[in-house]
$ cat target_28.cif   # mmCIF, C-alpha atoms
data_run
#
loop_
_atom_site.label_atom_id
_atom_site.label_comp_id
_atom_site.auth_asym_id
_atom_site.auth_seq_id
_atom_site.Cartn_x
_atom_site.Cartn_y
_atom_site.Cartn_z
CA ILE A 7 18.49 10.34 11.59
CA PHE A 8 17.65 10.56 7.88
CA GLN A 9 21.33 10.51 6.90
CA LEU A 10 21.80 7.44 9.04
CA LEU A 11 18.78 5.76 7.44
CA GLY A 12 20.21 6.66 4.03
CA SER A 13 23.43 4.83 4.85
CA TYR A 14 21.58 1.86 6.36
CA ILE A 15 19.35 1.43 3.32
CA HIS A 16 22.53 0.71 1.35
CA GLY A 17 24.05 -1.46 4.06
CA ASN A 18 23.95 -5.16 4.77
CA LEU A 19 20.68 -7.08 4.80
CA SER A 20 19.80 -6.44 8.44
CA ASP A 21 20.66 -2.73 8.19
CA LYS A 22 18.49 -2.42 5.09
CA GLU A 23 15.58 -4.19 6.83
CA ALA A 24 15.92 -1.87 9.83
CA ALA A 25 15.98 1.23 7.61
CA ILE A 26 12.92 0.13 5.62
CA THR A 27 10.93 -0.63 8.77
CA THR A 28 12.00 2.62 10.47
CA ILE A 29 11.03 4.76 7.49
CA GLY A 30 7.52 3.25 7.50
CA ASN A 31 7.18 3.83 11.23
CA ILE A 32 8.38 7.44 10.95
CA GLY A 33 6.01 8.07 8.05
CA SER A 34 3.01 6.86 10.02
CA SER A 35 2.99 10.09 12.05
CA VAL A 36 2.10 13.46 10.55
CA THR A 37 5.38 15.01 11.74
CA GLY A 38 7.41 12.09 10.41
CA ALA A 39 5.65 12.00 7.04
CA THR A 40 6.11 15.75 6.66
CA ALA A 41 9.84 15.41 7.35
CA LEU A 42 10.26 12.42 5.03
CA LEU A 43 8.43 14.15 2.19
CA SER A 44 10.53 17.30 2.43
CA ALA A 45 12.80 18.08 -0.51
CA GLU A 46 16.03 17.28 1.33
CA ASN A 47 14.95 13.64 1.68
CA ASN A 48 14.34 12.95 -2.03
CA ALA A 49 17.31 10.58 -2.29
CA LEU A 50 16.24 8.64 0.81
CA LEU A 51 12.68 8.25 -0.49
CA SER A 52 13.96 7.21 -3.93
CA ASP A 53 16.07 4.48 -2.35
CA TYR A 54 13.14 3.49 -0.12
CA PHE A 55 10.58 3.23 -2.95
CA GLU A 56 12.99 1.33 -5.20
CA ASN A 57 12.72 -1.62 -2.79
CA ILE A 58 9.44 -2.62 -4.43
CA ARG A 59 11.57 -3.78 -7.36
CA SER A 60 13.79 -5.94 -5.19
CA SER A 61 14.41 -9.43 -6.50
CA GLN A 62 14.71 -10.59 -2.89
CA ASP A 63 11.26 -11.47 -1.61
CA LEU A 64 12.19 -10.59 1.97
CA HIS A 65 13.04 -7.00 0.98
CA LYS A 66 9.96 -6.66 -1.16
CA ARG A 67 7.74 -7.97 1.66
CA SER A 68 9.40 -5.71 4.22
CA PHE A 69 9.05 -2.70 1.96
CA ILE A 70 5.37 -3.27 1.15
CA GLN A 71 4.58 -3.84 4.82
CA SER A 72 6.51 -0.68 5.72
CA LEU A 73 4.58 1.24 3.07
CA GLY A 74 1.33 -0.01 4.61
CA VAL A 75 2.49 1.31 7.99
CA PHE A 76 3.48 4.65 6.40
CA TRP A 77 -0.02 4.93 4.93
CA THR A 78 -1.67 4.63 8.34
CA CYS A 79 -0.77 8.32 8.76
CA ARG A 80 -4.04 10.17 9.41
CA ASP A 81 -3.20 13.08 7.10
CA HIS A 82 -4.81 12.25 3.76
CA ASN A 83 -2.74 14.82 1.87
CA LEU A 84 0.59 13.49 3.17
CA VAL A 85 -0.33 9.91 2.30
CA GLU A 86 -1.42 11.00 -1.16
CA GLN A 87 1.87 12.90 -1.57
CA SER A 88 3.82 9.77 -0.60
CA TYR A 89 1.81 7.66 -3.04
CA ASN A 90 2.35 10.16 -5.85
CA ARG A 91 6.04 10.48 -5.00
CA ALA A 92 6.41 6.70 -5.21
CA GLU A 93 4.74 6.60 -8.63
CA SER A 94 6.89 9.50 -9.81
CA ILE A 95 10.08 7.78 -8.67
CA LEU A 96 9.08 4.36 -9.97
CA LYS A 97 7.47 5.70 -13.14
CA GLU A 98 4.87 3.01 -12.67
CA ASP A 99 1.36 2.77 -11.23
CA LEU A 100 1.50 1.37 -7.68
CA MET A 101 -1.91 -0.29 -7.84
CA SER A 102 -0.81 -2.13 -10.99
CA ILE A 103 2.27 -3.34 -9.12
CA PHE A 104 0.11 -4.39 -6.16
CA PHE A 105 -2.43 -6.14 -8.39
CA LYS A 106 0.36 -8.13 -10.07
CA THR A 107 1.79 -8.94 -6.65
CA LEU A 108 -1.56 -10.33 -5.55
CA GLN A 109 -1.20 -12.93 -8.33
CA SER A 110 2.00 -14.21 -6.70
CA THR A 111 2.22 -17.70 -5.24
CA ASP A 112 4.13 -16.21 -2.27
CA GLU A 113 1.42 -15.99 0.40
CA GLU A 114 3.38 -13.66 2.67
CA LEU A 115 3.94 -11.25 -0.21
CA ARG A 116 0.22 -11.28 -1.01
CA PHE A 117 -0.69 -10.73 2.65
CA VAL A 118 1.55 -7.67 3.09
CA THR A 119 0.15 -6.32 -0.20
CA PHE A 120 -3.37 -6.75 1.17
CA TYR A 121 -2.22 -4.83 4.25
CA ALA A 122 -0.87 -1.93 2.17
CA ILE A 123 -4.09 -1.77 0.16
CA GLN A 124 -6.15 -1.93 3.35
CA SER A 125 -4.14 1.04 4.68
CA LEU A 126 -5.10 2.97 1.54
CA THR A 127 -8.80 2.42 2.27
CA GLN A 128 -8.55 5.06 5.02
CA HIS A 129 -7.97 7.78 2.43
CA PRO A 130 -10.41 9.11 -0.19
CA PHE A 131 -7.73 9.23 -2.91
CA GLY A 132 -6.91 5.60 -1.99
CA ILE A 133 -10.45 4.51 -2.75
CA ASN A 134 -10.15 6.09 -6.19
CA LYS A 135 -6.78 4.41 -6.80
CA ILE A 136 -8.01 1.02 -5.63
CA PHE A 137 -11.19 0.97 -7.65
CA ASN A 138 -9.74 2.59 -10.76
CA GLU A 139 -7.38 -0.36 -11.15
CA ALA A 140 -8.85 -2.46 -13.96
CA GLY A 141 -10.11 -5.79 -12.68
CA PHE A 142 -9.44 -5.09 -9.01
CA TYR A 143 -13.11 -4.74 -7.98
CA GLU A 144 -13.85 -8.08 -9.64
CA TYR A 145 -10.83 -9.68 -7.99
CA LEU A 146 -11.86 -8.31 -4.60
CA THR A 147 -15.45 -9.51 -4.81
CA ASN A 148 -14.71 -12.88 -6.42
CA ARG A 149 -14.61 -15.44 -3.61
CA GLU A 150 -12.62 -17.84 -5.79
CA SER A 151 -9.76 -15.45 -6.60
CA GLU A 152 -8.02 -16.18 -3.29
CA LYS A 153 -7.58 -19.78 -2.19
CA THR A 154 -6.35 -19.37 1.40
CA LYS A 155 -8.56 -18.59 4.39
CA LEU A 156 -6.22 -15.83 5.52
CA GLY A 157 -6.19 -14.28 2.05
CA LYS A 158 -9.99 -14.27 2.00
CA GLU A 159 -9.96 -12.59 5.41
CA TRP A 160 -7.59 -9.92 4.07
CA LYS A 161 -9.91 -9.30 1.13
CA PHE A 162 -12.82 -8.96 3.55
CA GLY A 163 -10.70 -6.55 5.61
CA ILE A 164 -10.22 -4.36 2.55
CA ILE A 165 -13.95 -4.36 1.84
CA SER A 166 -14.67 -3.57 5.49
CA GLY A 167 -12.16 -0.73 5.42
CA VAL A 168 -13.77 0.71 2.32
CA VAL A 169 -17.28 0.62 3.78
CA GLN A 170 -16.33 1.73 7.31
CA ASN A 171 -14.07 4.64 6.34
CA HIS A 172 -16.28 6.38 3.78
CA ASP A 173 -19.90 7.40 3.45
CA GLN A 174 -22.29 5.71 1.05
CA GLN A 175 -22.67 8.74 -1.21
CA PHE A 176 -18.90 9.01 -1.81
CA LEU A 177 -18.52 5.27 -2.43
CA ALA A 178 -21.53 5.10 -4.76
CA LYS A 179 -19.98 7.93 -6.77
CA VAL A 180 -16.57 6.22 -6.98
CA ILE A 181 -17.58 2.59 -7.53
CA GLY A 182 -21.22 2.91 -8.59
CA THR A 183 -24.38 2.25 -6.62
CA ASP A 184 -24.72 -1.37 -7.75
CA ASN A 185 -21.13 -2.17 -6.83
CA TYR A 186 -21.53 -0.40 -3.49
CA ASN A 187 -24.64 -2.45 -2.73
CA GLU A 188 -22.76 -5.63 -3.63
CA LEU A 189 -20.03 -4.82 -1.10
#
$ encode --input "target_28.cif" --output "structure tokens"
Amino acid sequence: IFQLLGSYIHGNLSDKEAAITTIGNIGSSVTGATALLSAENNALLSDYFENIRSSQDLHKRSFIQSLGVFWTCRDHNLVEQSYNRAESILKEDLMSIFFKTLQSTDEELRFVTFYAIQSLTQHPFGINKIFNEAGFYEYLTNRESEKTKLGKEWKFGIISGVVQNHDQQFLAKVIGTDNYNEL
């Protein structure tokens, strides 16, 4: 299946969309993420992660949504490996890319980015990544930084995910007691 996905990711638009979506769905299970992250799939993952740089908004949206699905995998270590692999391939910080994307005027692109970030809130390393991004805490807690109702709901969803998925002591250590109390 991975060879087939590798050929589809270089195919026509609909084949590429199908491959991107399928990779995210496969990665959402522990078995699938383990297989995708194995050494023999380096080329497939490189091609997959490169979609974040797509100039076509549809591909970029599909990729970021697929990545959010991938990160729903319950194995924290596998999700962290996928995150680190993406940064290694892209040679760029993913949270910086996401934070820039949240400044976009494309609402759908912002919403799928919120979804990917919300998926990261399930994982302890994700909390560190999210809140170590300069300015992101302020962006998240500033009610004026997002103009649409749905965008504000996504921001609330991220905050809810942070608070619901981790204990107070861990969060206070990562983001500080005052910031935790503000959430």
$ residues_near_point --input "target_28.cif" --point "(-6.1, 0.9, -10.2)" --cutoff "9 Å" --atoms "only C-alpha atoms" --output "number ranges by chain"
A: 99-102, 105, 134-142
$ closest_atom_pairs --input "target_28.cif" --of "stretch 75-164 of chain A" --to "stretch 45-60 of chain A" --cutoff "10 Å" --atoms "all atoms listed in the file" --output "Markdown table"
| residue | atom | partner | partner_atom | distance |
| --- | --- | --- | --- | --- |
| A:Ser88 | CA | A:Leu51 | CA | 9.0 |
| A:Tyr89 | CA | A:Phe55 | CA | 9.8 |
| A:Arg91 | CA | A:Leu51 | CA | 8.3 |
| A:Ala92 | CA | A:Phe55 | CA | 5.9 |
| A:Glu93 | CA | A:Phe55 | CA | 8.8 |
| A:Ser94 | CA | A:Ser52 | CA | 9.5 |
| A:Ile95 | CA | A:Ser52 | CA | 6.2 |
| A:Leu96 | CA | A:Glu56 | CA | 6.9 |
| A:Leu100 | CA | A:Ile58 | CA | 9.5 |
| A:Ile103 | CA | A:Ile58 | CA | 8.6 |
| A:Phe104 | CA | A:Ile58 | CA | 9.7 |
$ residues_near_point --input "target_28.cif" --point "(-14.3, 9.9, 2.4)" --cutoff "9 Å" --atoms "only C-alpha atoms" --output "PyMOL selection string"
chain A and resi 128-131+133+171-173+176-177
$ closest_residue --input "target_28.cif" --among "A:Phe69, A:Phe120, A:Tyr14, A:Phe8" --to "A:Leu42" --atoms "only C-alpha atoms"
A:Phe8
$ atom_distance --input "target_28.cif" --atom1 "atom CA of A:Tyr186" --atom2 "atom CA of A:Gly163"
15.4 Å
$ residues_around --input "target_28.cif" --residues "A:Glu23" --least-positions-apart "4" --cutoff "7 Å" --atoms "only C-alpha atoms" --output "list in words"
Leu19, Thr27, His65 and Ser68 of chain A
$ resolve_selection --input "target_28.cif" --expression "the PyMOL selection byres ((chain A and resi 123) around 9)" --output "ChimeraX atom specification"
/A:74,101,104,118-122,124-127,132,136,164
$ resolve_selection --input "target_28.cif" --expression "the PyMOL selection byres ((chain A and resi 13) around 12)" --output "list in words"
Ile7, Phe8, Gln9, Leu10, Leu11, Gly12, Tyr14, Ile15, His16, Gly17, Asn18, Asp21, Lys22, Ala24, Ala25, Ile26, Ala49, Leu50, Asp53 and Tyr54 of chain A
$ write_last_selection --input "target_28.cif" --atoms "C-alpha atoms" --output "CSV table (one decimal), in the coordinates of the input"
chain,number,residue,atom,x,y,z
A,7,ILE,CA,18.5,10.3,11.6
A,8,PHE,CA,17.6,10.6,7.9
A,9,GLN,CA,21.3,10.5,6.9
A,10,LEU,CA,21.8,7.4,9.0
A,11,LEU,CA,18.8,5.8,7.4
A,12,GLY,CA,20.2,6.7,4.0
A,14,TYR,CA,21.6,1.9,6.4
A,15,ILE,CA,19.4,1.4,3.3
A,16,HIS,CA,22.5,0.7,1.4
A,17,GLY,CA,24.0,-1.5,4.1
A,18,ASN,CA,24.0,-5.2,4.8
A,21,ASP,CA,20.7,-2.7,8.2
A,22,LYS,CA,18.5,-2.4,5.1
A,24,ALA,CA,15.9,-1.9,9.8
A,25,ALA,CA,16.0,1.2,7.6
A,26,ILE,CA,12.9,0.1,5.6
A,49,ALA,CA,17.3,10.6,-2.3
A,50,LEU,CA,16.2,8.6,0.8
A,53,ASP,CA,16.1,4.5,-2.4
A,54,TYR,CA,13.1,3.5,-0.1
$ atom_distance --input "target_28.cif" --atom1 "atom CA of A:Glu86" --atom2 "atom CA of A:Leu156"
28.1 Å
$ residues_around --input "target_28.cif" --residues "A:Lys161" --least-positions-apart "3" --cutoff "10 Å" --atoms "all atoms listed in the file" --output "list in words"
Phe117, Phe120, Tyr121, Ile123, Gln124, Tyr145, Leu146, Thr147, Asn148, Arg149, Ser151, Glu152, Lys155, Leu156, Gly157, Lys158, Ile164, Ile165, Ser166 and Gly167 of chain A
$ closest_residue --input "target_28.cif" --among "A:Ile181, A:Phe162, A:Thr154, A:Thr37" --to "A:Arg80" --atoms "only C-alpha atoms"
A:Thr37
$ atom_distance --input "target_28.cif" --atom1 "atom CA of A:Leu84" --atom2 "atom CA of A:Ala39"
6.5 Å
$ closest_residue --input "target_28.cif" --among "A:Asp112, A:Glu144, A:Asp81, A:Glu159" --to "A:Gln62" --atoms "only C-alpha atoms"
A:Asp112
$ closest_residue --input "target_28.cif" --among "A:Glu150, A:Lys179, A:Ser34, A:Ser20" --to "A:Cys79" --atoms "all atoms listed in the file"
A:Ser34
$ residues_around --input "target_28.cif" --residues "A:Asn31" --least-positions-apart "6" --cutoff "8 Å" --atoms "only C-alpha atoms" --output "NGL selection string"
:A and (72 or 75-76)
$ build_atoms --input "target_28.cif" --residues "stretch 144-161 of chain A" --atoms "N, CA and C atoms" --output "mmCIF file, keeping the file's coordinate frame"
data_model
loop_
_atom_site.group_PDB
_atom_site.id
_atom_site.type_symbol
_atom_site.label_atom_id
_atom_site.label_comp_id
_atom_site.auth_asym_id
_atom_site.auth_seq_id
_atom_site.Cartn_x
_atom_site.Cartn_y
_atom_site.Cartn_z
ATOM 1 N N GLU A 144 -13.437 -6.704 -9.362
ATOM 2 C CA GLU A 144 -13.850 -8.080 -9.640
ATOM 3 C C GLU A 144 -13.011 -9.069 -8.838
ATOM 4 N N TYR A 145 -11.717 -8.816 -8.771
ATOM 5 C CA TYR A 145 -10.830 -9.680 -7.990
ATOM 6 C C TYR A 145 -11.246 -9.658 -6.514
ATOM 7 N N LEU A 146 -11.520 -8.467 -6.015
ATOM 8 C CA LEU A 146 -11.860 -8.310 -4.600
ATOM 9 C C LEU A 146 -13.165 -8.998 -4.246
ATOM 10 N N THR A 147 -14.137 -8.945 -5.112
ATOM 11 C CA THR A 147 -15.450 -9.510 -4.810
ATOM 12 C C THR A 147 -15.614 -10.960 -5.249
ATOM 13 N N ASN A 148 -14.659 -11.482 -5.986
ATOM 14 C CA ASN A 148 -14.710 -12.880 -6.420
ATOM 15 C C ASN A 148 -14.175 -13.772 -5.312
ATOM 16 N N ARG A 149 -15.011 -14.577 -4.734
ATOM 17 C CA ARG A 149 -14.610 -15.440 -3.610
ATOM 18 C C ARG A 149 -13.620 -16.528 -4.027
ATOM 19 N N GLU A 150 -13.521 -16.786 -5.308
ATOM 20 C CA GLU A 150 -12.620 -17.840 -5.790
ATOM 21 C C GLU A 150 -11.234 -17.321 -6.168
ATOM 22 N N SER A 151 -11.046 -16.007 -6.160
ATOM 23 C CA SER A 151 -9.760 -15.450 -6.600
ATOM 24 C C SER A 151 -8.657 -15.609 -5.558
ATOM 25 N N GLU A 152 -9.010 -15.942 -4.350
ATOM 26 C CA GLU A 152 -8.020 -16.180 -3.290
ATOM 27 C C GLU A 152 -8.346 -17.522 -2.666
ATOM 28 N N LYS A 153 -7.348 -18.399 -2.634
ATOM 29 C CA LYS A 153 -7.580 -19.780 -2.190
ATOM 30 C C LYS A 153 -7.408 -19.980 -0.679
ATOM 31 N N THR A 154 -6.622 -19.140 -0.021
ATOM 32 C CA THR A 154 -6.350 -19.370 1.400
ATOM 33 C C THR A 154 -7.376 -18.637 2.275
ATOM 34 N N LYS A 155 -7.631 -19.205 3.432
ATOM 35 C CA LYS A 155 -8.560 -18.590 4.390
ATOM 36 C C LYS A 155 -8.067 -17.214 4.804
ATOM 37 N N LEU A 156 -6.783 -17.099 5.097
ATOM 38 C CA LEU A 156 -6.220 -15.830 5.520
ATOM 39 C C LEU A 156 -6.308 -14.783 4.404
ATOM 40 N N GLY A 157 -6.064 -15.199 3.179
ATOM 41 C CA GLY A 157 -6.190 -14.280 2.050
ATOM 42 C C GLY A 157 -7.618 -13.783 1.885
ATOM 43 N N LYS A 158 -8.582 -14.679 2.077
ATOM 44 C CA LYS A 158 -9.990 -14.270 2.000
ATOM 45 C C LYS A 158 -10.334 -13.307 3.124
ATOM 46 N N GLU A 159 -9.740 -13.519 4.293
ATOM 47 C CA GLU A 159 -9.960 -12.590 5.410
ATOM 48 C C GLU A 159 -9.358 -11.220 5.109
ATOM 49 N N TRP A 160 -8.189 -11.190 4.459
ATOM 50 C CA TRP A 160 -7.590 -9.920 4.070
ATOM 51 C C TRP A 160 -8.477 -9.196 3.067
ATOM 52 N N LYS A 161 -9.018 -9.926 2.108
ATOM 53 C CA LYS A 161 -9.910 -9.300 1.130
ATOM 54 C C LYS A 161 -11.134 -8.719 1.837
#
